[in-house]
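A.B. asks: This structure is in structure tokens; I'll ask about it shortly.
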Amino acid sequence: MSSDFPRRVRILAIEHERGTGPERFGDWLAEAGAEVVVTRPYLGEVIPAEALPAEASDRDPNASAAGPAGSFDALVVLGGSAGPLEDAENPWFPEVRRLLGRSIAGEFPSLNICLGGEMLAVAGHAPITRRMHPQIGICELRATSAGESDPVFGALAPGPLPSVLFHQEEMALPTGAELLITGSDAPVQAFRLGESAWGTQFHPETGAGQIARWLSGNDLALPAGKTEDSIIAEVEAHDSALVDNGRRLARAFVGFLEGRR
């Protein structure tokens with residue numbers, strides 16, 4: 001028997017390596033009403049691309065706008081230590097970039113974090129460069145006017161936006177993209193391509209515990225004047241704001257997905 005109640009929003013999350021899962025952002029998405037399914041292609045798991053919505057012209061006109069029970073409403077591409085074009089070591093990367101191209105074209109929404117954001121930038125034909133010095137730790141970011149009016153990232157404005165950075169690759173703003181969040185000498189911190197493909201350089205999902213694990217397993221040179229302990233301490237000191245902002249972003253994304261039905 002079919003139910004009169006709509007199914008929960010379902011989000012497919014792609015995890016690129018051990019230790020880079022959705023973490024508490026996944027919990028906040030679930031708290032907002034979504035079901036988050038994580039696939040780990042580095043362990044041989046399949047990326048179920050066929051379960052993401054097809055282009056509108058290819059859909060069954062009699063199908064529900066929410067899609068069948070086994071389908072996904074959106075994609076989240078997570079971070080990782082690789083660069084967005086390191087396909088030889090990560091043979092699933094081309095498929096992920098193709099999916100992000102479909103998201104840019106409007107087939108389904110996506111929210112893409114750090115490496116995921118860089119992959120979205122590449123799918124939008126923007127260059128990626130390697131910084132001489134990585135950005136690691138807390139940085140005060142700010143919303144642009146476009147960010148303040150964005151249907152998802154507008155949830156972060158106005159107000160202070162301390163954010164966790166952990167990257168050495170740096171993306172340029174793709175042609176036609178809206179810059180939503182900026183700050184630091186890596187000014188492209190969040191952007192939107194098309195109507196519903198979002199990318200971040202900062203990490204809304206992470207906290208001090210995960211940062212400590214990343215630092216212990218990473219050979220990146222630390223920024224001048226910082227130590228592993230000082231980086232962990234600054235993330236801990238801003239945790240309340242990180243939680244508040246991350247939860248608001250997750251809630252806004254799920255609300256956007258529910259509003260598409």
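All residue names refer to the structure tokens as shown: chains lettered A, B, ... in order, residues numbered from 1 in each chain, ligands numbered from 1 in order.
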List as a list in words the protein and nucleic acid residues near Phe93 of chain A, meaning an atom at most 10 Å away when only C-alpha atoms are counted, but skip any in the same chain fewer than 4 places from it.
C.D. replies: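 Surrounding residues, per the criterion: His16, Pro41, Gly83, Pro84, Leu85, Glu86, Asp87, Ala88, Glu89, Arg97, Arg98, Leu99 and Met119 of chain A.
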A.B. asks: Include C-alpha atoms and write out the residues we just selected as a JSON list (two decimals), in the first residue's frame.
C.D. replies:
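Wrote it out as part-v3.json, contents follow:
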[["chain", "number", "residue", "atom", "x", "y", "z"],
["A", 16, "HIS", "CA", 37.18, 9.63, -1.10],
["A", 41, "PRO", "CA", 34.71, 4.06, -3.94],
["A", 83, "GLY", "CA", 44.05, 17.05, -5.91],
["A", 84, "PRO", "CA", 40.86, 17.11, -8.01],
["A", 85, "LEU", "CA", 42.65, 15.80, -11.14],
["A", 86, "GLU", "CA", 44.67, 12.98, -9.55],
["A", 87, "ASP", "CA", 42.79, 10.34, -11.51],
["A", 88, "ALA", "CA", 45.54, 7.71, -11.68],
["A", 89, "GLU", "CA", 45.44, 7.18, -7.92],
["A", 97, "ARG", "CA", 33.37, 15.18, -12.16],
["A", 98, "ARG", "CA", 30.83, 13.97, -14.74],
["A", 99, "LEU", "CA", 28.18, 13.85, -12.02],
["A", 119, "MET", "CA", 36.14, 19.06, -8.39]]
A.B. asks: Can you tell me, as a short mmCIF file (atom, residue, chain, number, x, y, z; two decimals) with N, CA and C atoms, in the first residue's frame, what residues are no more than 7 Å from Arg40 of chain A when counting only C-alpha atoms, ignoring any on the same chain fewer than 5 positions away?
C.D. replies:
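Final output, saved to out.cif:
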data_model
loop_
_atom_site.label_atom_id
_atom_site.label_comp_id
_atom_site.auth_asym_id
_atom_site.auth_seq_id
_atom_site.Cartn_x
_atom_site.Cartn_y
_atom_site.Cartn_z
N ILE A 14 29.71 11.04 -1.30
CA ILE A 14 30.87 10.31 -1.80
C ILE A 14 32.07 10.62 -0.92
N GLU A 15 32.60 9.59 -0.28
CA GLU A 15 33.77 9.69 0.60
C GLU A 15 34.99 9.16 -0.17
N HIS A 16 36.04 9.97 -0.25
CA HIS A 16 37.18 9.63 -1.10
C HIS A 16 38.28 8.84 -0.39
N GLU A 45 33.38 0.34 -3.44
CA GLU A 45 31.94 0.51 -3.49
C GLU A 45 31.54 1.30 -4.74
#
A.B. asks: Give me the residues near Leu215 of chain A as a ChimeraX atom specification, where near means some atom within 10 Å (using only C-alpha atoms) and where sequence neighbours in that chain fewer than 6 positions away do not count.
C.D. replies: /A:136,166,222,227-229,231-232
A.B. asks: Can you list every residue in segment 27-227 of chain A that DSSP puts in alpha helix (DSSP H), as a ChimeraX atom specification?
C.D. replies: /A:27-31,93-104,115-123,145-148,208-216
A.B. asks: Would you export the selected residues with C-alpha atoms as a short mmCIF file (atom, residue, chain, number, x, y, z; two decimals), in the first residue's frame, please?
C.D. replies:
data_model
loop_
_atom_site.label_atom_id
_atom_site.label_comp_id
_atom_site.auth_asym_id
_atom_site.auth_seq_id
_atom_site.Cartn_x
_atom_site.Cartn_y
_atom_site.Cartn_z
CA ASP A 27 24.32 14.08 11.58
CA TRP A 28 22.99 17.61 11.02
CA LEU A 29 21.58 16.65 7.63
CA ALA A 30 19.81 13.72 9.30
CA GLU A 31 18.65 15.99 12.12
CA PHE A 93 37.36 10.88 -10.01
CA PRO A 94 36.29 11.27 -13.68
CA GLU A 95 32.89 9.80 -12.85
CA VAL A 96 32.49 12.22 -9.94
CA ARG A 97 33.37 15.18 -12.16
CA ARG A 98 30.83 13.97 -14.74
CA LEU A 99 28.18 13.85 -12.02
CA LEU A 100 29.08 17.38 -10.99
CA GLY A 101 28.72 18.48 -14.60
CA ARG A 102 25.19 17.10 -14.49
CA SER A 103 24.56 19.02 -11.28
CA ILE A 104 25.79 22.24 -12.89
CA LEU A 115 38.20 18.54 -2.64
CA GLY A 116 34.56 18.24 -3.70
CA GLY A 117 34.41 21.99 -4.25
CA GLU A 118 37.62 21.85 -6.26
CA MET A 119 36.14 19.06 -8.39
CA LEU A 120 33.06 21.21 -8.98
CA ALA A 121 35.31 24.09 -10.03
CA VAL A 122 37.12 21.78 -12.48
CA ALA A 123 33.77 20.59 -13.85
CA SER A 145 25.94 40.13 -1.20
CA ALA A 146 25.22 37.13 -3.45
CA GLY A 147 25.87 34.85 -0.48
CA GLU A 148 23.42 36.75 1.69
CA ALA A 208 38.89 19.40 16.50
CA GLY A 209 38.94 15.60 16.73
CA GLN A 210 39.00 15.08 12.99
CA ILE A 211 41.53 17.90 12.52
CA ALA A 212 43.82 16.21 15.05
CA ARG A 213 43.64 12.98 13.04
CA TRP A 214 44.34 14.82 9.78
CA LEU A 215 47.35 16.58 11.30
CA SER A 216 48.81 13.35 12.65
#
A.B. asks: Using only C-alpha atoms, which of the listed residues (A:Ala224, A:Leu78, A:Leu173, A:Leu257) sits closest to Gly19 of chain A?
C.D. replies: A:Leu78
A.B. asks: Need to verify the contact set: Ala237 of chain A, 12 Å, only C-alpha atoms, exclusion of same-chain residues closer than 6 positions in sequence. Can you return it as a list of chain:residue names?
C.D. replies: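 That gives A:Gly137, A:Ile138, A:Pro162, A:Ser163, A:Val164, A:Gly207, A:Ala208, A:Ser230, A:Ile231, A:Val243.
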A.B. asks: Can you write just those residues out, C-alpha atoms, as a short mmCIF file (atom, residue, chain, number, x, y, z; two decimals), in the first residue's frame?
C.D. replies:
data_model
loop_
_atom_site.label_atom_id
_atom_site.label_comp_id
_atom_site.auth_asym_id
_atom_site.auth_seq_id
_atom_site.Cartn_x
_atom_site.Cartn_y
_atom_site.Cartn_z
CA GLY A 137 43.19 26.23 10.96
CA ILE A 138 40.51 28.81 11.66
CA PRO A 162 34.86 31.42 11.66
CA SER A 163 35.61 28.41 9.47
CA VAL A 164 38.03 25.51 9.30
CA GLY A 207 35.81 19.57 14.31
CA ALA A 208 38.89 19.40 16.50
CA SER A 230 47.77 25.48 18.46
CA ILE A 231 45.66 24.53 15.43
CA VAL A 243 28.43 23.81 15.19
#
A.B. asks: Just the strand (DSSP E) stuff from segment 19-138 of chain A, please, per backbone DSSP, written as a list in words.
C.D. replies: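 So, restricting segment 19-138 of chain A to strand (DSSP E), we get Ala34, Glu35, Val36, Val37, Val38, Thr39, Ala74, Leu75, Val76, Val77, Ser110, Leu111, Asn112, Ile113, Ile128, Thr129, Arg130, Arg131, Met132, His133, Pro134, Gln135, Ile136, Gly137 and Ile138 of chain A.
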A.B. asks: Just N, CA and C atoms for this one: save the residues we selected as a PDB file, in the first residue's frame.
C.D. replies:
ATOM      1  N   ALA A  34      16.926  14.510   6.552  1.00  0.00           N
ATOM      2  CA  ALA A  34      17.433  13.785   5.389  1.00  0.00           C
ATOM      3  C   ALA A  34      17.960  12.407   5.778  1.00  0.00           C
ATOM      4  N   GLU A  35      17.958  11.524   4.808  1.00  0.00           N
ATOM      5  CA  GLU A  35      18.671  10.245   4.927  1.00  0.00           C
ATOM      6  C   GLU A  35      19.964  10.381   4.119  1.00  0.00           C
ATOM      7  N   VAL A  36      21.100  10.142   4.762  1.00  0.00           N
ATOM      8  CA  VAL A  36      22.401  10.273   4.108  1.00  0.00           C
ATOM      9  C   VAL A  36      22.982   8.888   3.895  1.00  0.00           C
ATOM     10  N   VAL A  37      23.278   8.558   2.650  1.00  0.00           N
ATOM     11  CA  VAL A  37      23.876   7.273   2.293  1.00  0.00           C
ATOM     12  C   VAL A  37      25.284   7.546   1.782  1.00  0.00           C
ATOM     13  N   VAL A  38      26.290   6.957   2.431  1.00  0.00           N
ATOM     14  CA  VAL A  38      27.685   7.201   2.077  1.00  0.00           C
ATOM     15  C   VAL A  38      28.197   6.064   1.208  1.00  0.00           C
ATOM     16  N   THR A  39      28.818   6.403   0.085  1.00  0.00           N
ATOM     17  CA  THR A  39      29.503   5.401  -0.733  1.00  0.00           C
ATOM     18  C   THR A  39      30.991   5.681  -0.707  1.00  0.00           C
ATOM     19  N   ALA A  74      19.923  14.431  -4.030  1.00  0.00           N
ATOM     20  CA  ALA A  74      21.064  15.339  -4.097  1.00  0.00           C
ATOM     21  C   ALA A  74      22.348  14.562  -3.856  1.00  0.00           C
ATOM     22  N   LEU A  75      23.443  15.242  -4.154  1.00  0.00           N
ATOM     23  CA  LEU A  75      24.778  14.671  -4.024  1.00  0.00           C
ATOM     24  C   LEU A  75      25.615  15.558  -3.112  1.00  0.00           C
ATOM     25  N   VAL A  76      26.395  14.933  -2.235  1.00  0.00           N
ATOM     26  CA  VAL A  76      27.419  15.622  -1.450  1.00  0.00           C
ATOM     27  C   VAL A  76      28.755  14.954  -1.762  1.00  0.00           C
ATOM     28  N   VAL A  77      29.726  15.741  -2.230  1.00  0.00           N
ATOM     29  CA  VAL A  77      31.071  15.219  -2.497  1.00  0.00           C
ATOM     30  C   VAL A  77      31.998  15.785  -1.432  1.00  0.00           C
ATOM     31  N   SER A 110      23.766  19.682  -5.665  1.00  0.00           N
ATOM     32  CA  SER A 110      24.941  19.093  -5.014  1.00  0.00           C
ATOM     33  C   SER A 110      25.567  20.121  -4.093  1.00  0.00           C
ATOM     34  N   LEU A 111      26.181  19.601  -3.027  1.00  0.00           N
ATOM     35  CA  LEU A 111      26.937  20.424  -2.082  1.00  0.00           C
ATOM     36  C   LEU A 111      28.292  19.747  -1.923  1.00  0.00           C
ATOM     37  N   ASN A 112      29.365  20.454  -2.252  1.00  0.00           N
ATOM     38  CA  ASN A 112      30.669  19.829  -2.444  1.00  0.00           C
ATOM     39  C   ASN A 112      31.716  20.538  -1.597  1.00  0.00           C
ATOM     40  N   ILE A 113      32.434  19.760  -0.788  1.00  0.00           N
ATOM     41  CA  ILE A 113      33.278  20.307   0.275  1.00  0.00           C
ATOM     42  C   ILE A 113      34.752  20.113  -0.037  1.00  0.00           C
ATOM     43  N   ILE A 128      42.835  25.103 -11.177  1.00  0.00           N
ATOM     44  CA  ILE A 128      43.230  24.788  -9.804  1.00  0.00           C
ATOM     45  C   ILE A 128      44.741  25.003  -9.714  1.00  0.00           C
ATOM     46  N   THR A 129      45.180  25.688  -8.682  1.00  0.00           N
ATOM     47  CA  THR A 129      46.611  25.914  -8.483  1.00  0.00           C
ATOM     48  C   THR A 129      47.028  25.363  -7.128  1.00  0.00           C
ATOM     49  N   ARG A 130      48.336  25.107  -6.998  1.00  0.00           N
ATOM     50  CA  ARG A 130      48.861  24.643  -5.719  1.00  0.00           C
ATOM     51  C   ARG A 130      49.497  25.822  -5.002  1.00  0.00           C
ATOM     52  N   ARG A 131      49.011  26.070  -3.802  1.00  0.00           N
ATOM     53  CA  ARG A 131      49.551  27.150  -2.992  1.00  0.00           C
ATOM     54  C   ARG A 131      50.971  26.832  -2.531  1.00  0.00           C
ATOM     55  N   MET A 132      51.774  27.870  -2.376  1.00  0.00           N
ATOM     56  CA  MET A 132      53.104  27.666  -1.824  1.00  0.00           C
ATOM     57  C   MET A 132      53.019  27.220  -0.371  1.00  0.00           C
ATOM     58  N   HIS A 133      52.037  27.763   0.361  1.00  0.00           N
ATOM     59  CA  HIS A 133      51.843  27.399   1.761  1.00  0.00           C
ATOM     60  C   HIS A 133      50.379  27.011   1.963  1.00  0.00           C
ATOM     61  N   PRO A 134      50.093  25.908   2.631  1.00  0.00           N
ATOM     62  CA  PRO A 134      48.709  25.500   2.859  1.00  0.00           C
ATOM     63  C   PRO A 134      48.004  26.436   3.839  1.00  0.00           C
ATOM     64  N   GLN A 135      46.698  26.404   3.791  1.00  0.00           N
ATOM     65  CA  GLN A 135      45.887  27.059   4.809  1.00  0.00           C
ATOM     66  C   GLN A 135      45.340  25.987   5.736  1.00  0.00           C
ATOM     67  N   ILE A 136      45.679  26.082   6.999  1.00  0.00           N
ATOM     68  CA  ILE A 136      45.239  25.092   7.984  1.00  0.00           C
ATOM     69  C   ILE A 136      44.848  25.837   9.253  1.00  0.00           C
ATOM     70  N   GLY A 137      43.640  25.613   9.715  1.00  0.00           N
ATOM     71  CA  GLY A 137      43.186  26.225  10.957  1.00  0.00           C
ATOM     72  C   GLY A 137      41.958  27.085  10.740  1.00  0.00           C
ATOM     73  N   ILE A 138      41.691  27.956  11.698  1.00  0.00           N
ATOM     74  CA  ILE A 138      40.509  28.813  11.657  1.00  0.00           C
ATOM     75  C   ILE A 138      40.802  30.087  10.866  1.00  0.00           C
TER      76      ILE A 138
END
A.B. asks: If I take atom CA of Leu141 of chain A and atom CA of Ile181 of chain A, how far is one from the other in Å, to one decimal?
C.D. replies: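 Answer for the atom CA of Leu141 of chain A to atom CA of Ile181 of chain A separation: 6.7 Å.
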A.B. asks: Of the candidates A:Phe202, A:Glu140, A:Leu156, A:Gly124, which one gets nearest to Thr175 of chain A if we count only C-alpha atoms?
C.D. replies: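 Comparing A:Phe202, A:Glu140, A:Leu156, A:Gly124 against Thr175 of chain A, the winner is A:Gly124.
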